[in-house]
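Engineer: For reference, the file data_20.txt (compact mmCIF, N, CA and C atoms) is included below:
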```txt
# COMPACT_ATOMS: atom_id res chain seq x y z
N MET A 5 149.44 70.91 74.73
CA MET A 5 149.69 69.58 75.22
C MET A 5 150.20 69.62 76.66
N THR A 6 150.94 70.63 77.03
CA THR A 6 151.41 70.71 78.40
C THR A 6 150.25 70.87 79.37
N GLU A 7 149.16 71.46 78.92
CA GLU A 7 147.97 71.60 79.75
C GLU A 7 147.43 70.22 80.14
N TRP A 8 147.51 69.27 79.25
CA TRP A 8 147.00 67.92 79.49
C TRP A 8 147.74 67.24 80.64
N HIS A 9 149.06 67.44 80.71
CA HIS A 9 149.86 66.78 81.73
C HIS A 9 149.54 67.26 83.14
N SER A 10 149.01 68.45 83.27
CA SER A 10 148.72 68.96 84.60
C SER A 10 147.32 68.58 85.07
N ARG A 11 146.58 67.85 84.26
CA ARG A 11 145.22 67.47 84.63
C ARG A 11 145.22 66.36 85.68
N ASP A 12 144.12 66.29 86.39
CA ASP A 12 143.92 65.26 87.40
C ASP A 12 143.82 63.90 86.73
N SER A 13 144.59 62.96 87.22
CA SER A 13 144.54 61.61 86.64
C SER A 13 143.80 60.66 87.56
N GLY A 14 142.80 61.19 88.25
CA GLY A 14 142.01 60.39 89.18
C GLY A 14 141.21 59.33 88.44
N PRO A 15 140.28 58.71 89.13
CA PRO A 15 139.51 57.62 88.53
C PRO A 15 138.67 58.10 87.34
N ILE A 16 138.46 57.19 86.42
CA ILE A 16 137.64 57.51 85.26
C ILE A 16 136.19 57.49 85.71
N THR A 17 135.51 58.58 85.45
CA THR A 17 134.10 58.69 85.82
C THR A 17 133.26 58.83 84.56
N GLU A 18 131.98 58.64 84.72
CA GLU A 18 131.07 58.80 83.59
C GLU A 18 131.15 60.22 83.05
N GLU A 19 131.24 61.19 83.93
CA GLU A 19 131.33 62.59 83.51
C GLU A 19 132.55 62.82 82.62
N LYS A 20 133.69 62.27 83.02
CA LYS A 20 134.91 62.44 82.23
C LYS A 20 134.77 61.77 80.86
N LEU A 21 134.18 60.57 80.84
CA LEU A 21 134.01 59.88 79.56
C LEU A 21 133.03 60.61 78.65
N VAL A 22 131.96 61.13 79.20
CA VAL A 22 130.99 61.87 78.39
C VAL A 22 131.66 63.11 77.80
N ARG A 23 132.43 63.79 78.61
CA ARG A 23 133.13 64.99 78.12
C ARG A 23 134.10 64.62 77.00
N ALA A 24 134.82 63.51 77.17
CA ALA A 24 135.77 63.07 76.15
C ALA A 24 135.05 62.67 74.86
N VAL A 25 133.91 62.02 74.98
CA VAL A 25 133.14 61.63 73.79
C VAL A 25 132.73 62.87 73.01
N HIS A 26 132.28 63.89 73.71
CA HIS A 26 131.86 65.12 73.03
C HIS A 26 133.04 65.82 72.35
N ILE A 27 134.17 65.84 73.02
CA ILE A 27 135.36 66.45 72.43
C ILE A 27 135.79 65.69 71.19
N LEU A 28 135.83 64.36 71.28
CA LEU A 28 136.23 63.56 70.12
C LEU A 28 135.22 63.67 68.98
N ALA A 29 133.95 63.79 69.30
CA ALA A 29 132.94 63.97 68.25
C ALA A 29 133.23 65.25 67.47
N ASP A 30 133.60 66.31 68.18
CA ASP A 30 133.95 67.57 67.52
C ASP A 30 135.20 67.40 66.65
N ILE A 31 136.19 66.67 67.15
CA ILE A 31 137.42 66.44 66.38
C ILE A 31 137.12 65.64 65.12
N VAL A 32 136.32 64.60 65.25
CA VAL A 32 135.96 63.78 64.08
C VAL A 32 135.24 64.63 63.06
N GLU A 33 134.33 65.47 63.53
CA GLU A 33 133.58 66.34 62.62
C GLU A 33 134.49 67.33 61.90
N ASP A 34 135.47 67.87 62.63
CA ASP A 34 136.36 68.88 62.05
C ASP A 34 137.48 68.29 61.20
N HIS A 35 138.01 67.12 61.60
CA HIS A 35 139.23 66.61 60.97
C HIS A 35 139.05 65.29 60.24
N GLY A 36 137.85 64.85 60.12
CA GLY A 36 137.61 63.65 59.32
C GLY A 36 137.67 62.36 60.09
N PRO A 37 137.58 61.26 59.34
CA PRO A 37 137.41 59.95 59.94
C PRO A 37 138.67 59.33 60.56
N ALA A 38 139.79 59.99 60.50
CA ALA A 38 141.01 59.41 61.06
C ALA A 38 140.88 59.17 62.56
N PHE A 39 140.06 59.98 63.23
CA PHE A 39 139.88 59.84 64.67
C PHE A 39 138.66 58.99 65.03
N ARG A 40 137.93 58.51 64.04
CA ARG A 40 136.70 57.76 64.29
C ARG A 40 136.94 56.50 65.14
N PRO A 41 137.99 55.70 64.91
CA PRO A 41 138.19 54.51 65.76
C PRO A 41 138.37 54.86 67.24
N LEU A 42 139.09 55.92 67.53
CA LEU A 42 139.26 56.36 68.91
C LEU A 42 137.93 56.80 69.50
N TYR A 43 137.16 57.52 68.72
CA TYR A 43 135.84 57.98 69.14
C TYR A 43 134.94 56.79 69.45
N GLN A 44 134.92 55.81 68.56
CA GLN A 44 134.07 54.64 68.77
C GLN A 44 134.52 53.83 69.98
N ASP A 45 135.82 53.72 70.19
CA ASP A 45 136.34 53.01 71.35
C ASP A 45 135.92 53.71 72.64
N LEU A 46 136.00 55.01 72.65
CA LEU A 46 135.63 55.77 73.84
C LEU A 46 134.13 55.65 74.12
N ARG A 47 133.34 55.68 73.08
CA ARG A 47 131.88 55.48 73.26
C ARG A 47 131.60 54.10 73.84
N GLN A 48 132.34 53.09 73.39
CA GLN A 48 132.15 51.74 73.91
C GLN A 48 132.56 51.67 75.37
N GLN A 49 133.64 52.34 75.74
CA GLN A 49 134.06 52.36 77.14
C GLN A 49 133.00 53.01 78.02
N LEU A 50 132.39 54.07 77.51
CA LEU A 50 131.32 54.74 78.25
C LEU A 50 130.13 53.80 78.43
N ALA A 51 129.75 53.09 77.38
CA ALA A 51 128.65 52.14 77.47
C ALA A 51 128.98 51.03 78.46
N ASP A 52 130.21 50.53 78.42
CA ASP A 52 130.64 49.48 79.34
C ASP A 52 130.60 49.97 80.79
N LEU A 53 131.06 51.20 81.02
CA LEU A 53 131.04 51.77 82.37
C LEU A 53 129.61 51.87 82.88
N ARG A 54 128.70 52.33 82.03
CA ARG A 54 127.30 52.45 82.45
C ARG A 54 126.71 51.08 82.78
N LEU A 55 127.01 50.07 81.96
CA LEU A 55 126.51 48.71 82.24
C LEU A 55 127.06 48.18 83.56
N HIS A 56 128.34 48.41 83.78
CA HIS A 56 128.98 47.96 85.02
C HIS A 56 128.36 48.64 86.24
N GLU A 57 128.12 49.95 86.14
CA GLU A 57 127.51 50.67 87.25
C GLU A 57 126.09 50.19 87.50
N GLN A 58 125.33 49.91 86.44
CA GLN A 58 123.97 49.41 86.61
C GLN A 58 123.98 48.03 87.26
N ALA A 59 124.90 47.17 86.83
CA ALA A 59 125.00 45.83 87.40
C ALA A 59 125.39 45.91 88.87
N SER A 60 126.31 46.79 89.21
CA SER A 60 126.73 46.96 90.60
C SER A 60 125.57 47.46 91.46
N ALA A 61 124.82 48.41 90.95
CA ALA A 61 123.67 48.93 91.69
C ALA A 61 122.61 47.86 91.87
N ALA A 62 122.36 47.05 90.84
CA ALA A 62 121.38 45.98 90.95
C ALA A 62 121.83 44.93 91.96
N ALA A 63 123.10 44.58 91.96
CA ALA A 63 123.63 43.61 92.92
C ALA A 63 123.52 44.15 94.34
N ALA A 64 123.82 45.41 94.52
CA ALA A 64 123.72 46.02 95.85
C ALA A 64 122.26 46.03 96.32
N ALA A 65 121.34 46.31 95.41
CA ALA A 65 119.92 46.31 95.77
C ALA A 65 119.46 44.90 96.15
N ARG A 66 119.91 43.90 95.40
CA ARG A 66 119.55 42.51 95.73
C ARG A 66 120.12 42.12 97.09
N ALA A 67 121.36 42.51 97.33
CA ALA A 67 121.99 42.19 98.61
C ALA A 67 121.25 42.87 99.76
N ALA A 68 120.83 44.09 99.57
CA ALA A 68 120.11 44.81 100.61
C ALA A 68 118.76 44.15 100.88
N ARG A 69 118.08 43.71 99.83
CA ARG A 69 116.78 43.05 100.01
C ARG A 69 116.96 41.71 100.74
N SER A 70 117.96 40.93 100.38
CA SER A 70 118.15 39.63 101.03
C SER A 70 118.60 39.80 102.48
N THR A 71 119.36 40.85 102.76
CA THR A 71 119.78 41.12 104.14
C THR A 71 118.59 41.53 104.98
N SER A 72 117.70 42.33 104.42
CA SER A 72 116.54 42.77 105.20
C SER A 72 115.56 41.63 105.45
N ARG A 73 115.51 40.65 104.56
CA ARG A 73 114.63 39.50 104.76
C ARG A 73 115.16 38.57 105.85
N VAL A 74 116.48 38.46 105.93
CA VAL A 74 117.10 37.58 106.91
C VAL A 74 116.98 38.17 108.31
N ALA A 75 117.09 39.47 108.40
CA ALA A 75 117.08 40.13 109.72
C ALA A 75 115.73 40.20 110.30
```
Mind converting the file's structure to structure tokens?
Structural biologist:
Amino acid sequence: MTEWHSRDSGPITEEKLVRAVHILADIVEDHGPAFRPLYQDLRQQLADLRLHEQASAAAAARAARSTSRVA
């Protein structure tokens, strides 16, 4: 547990969430369904992050297209 405290607490990235999902999947498999709600919540956060990133990229693309048409 002391190893956890020394970890980087920077921004949550897709890579970090994917790694956490895989770790929790292993824990659920080894220790049963007690950890399943946490696993499902983390999977949902990952899905939400991906949707947010896609929406941001789409908005940026639309903004770039409208800016190039005006110029």
Engineer: Interatomic distance between atom CA of Val25 of chain A and atom CA of Ala62 of chain A?
Structural biologist: 26.0 Å
Engineer: Between atom CA of Arg54 of chain A and atom C of Asp34 of chain A, measure the distance and give it in Å to one decimal.
Structural biologist: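 Atom-to-atom, atom CA of Arg54 of chain A to atom C of Asp34 of chain A, that is 28.4 Å.
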Engineer: Could you state the separation of atom C of Leu46 of chain A and atom CA of Ala24 of chain A in Å, given to one decimal place?
Structural biologist: 7.9 Å
Engineer: Identify all residues of chain A in alpha helix (DSSP H) (DSSP on the backbone) and supply them as a PyMOL selection string.
Structural biologist: chain A and resi 6-9+18-35+40-74
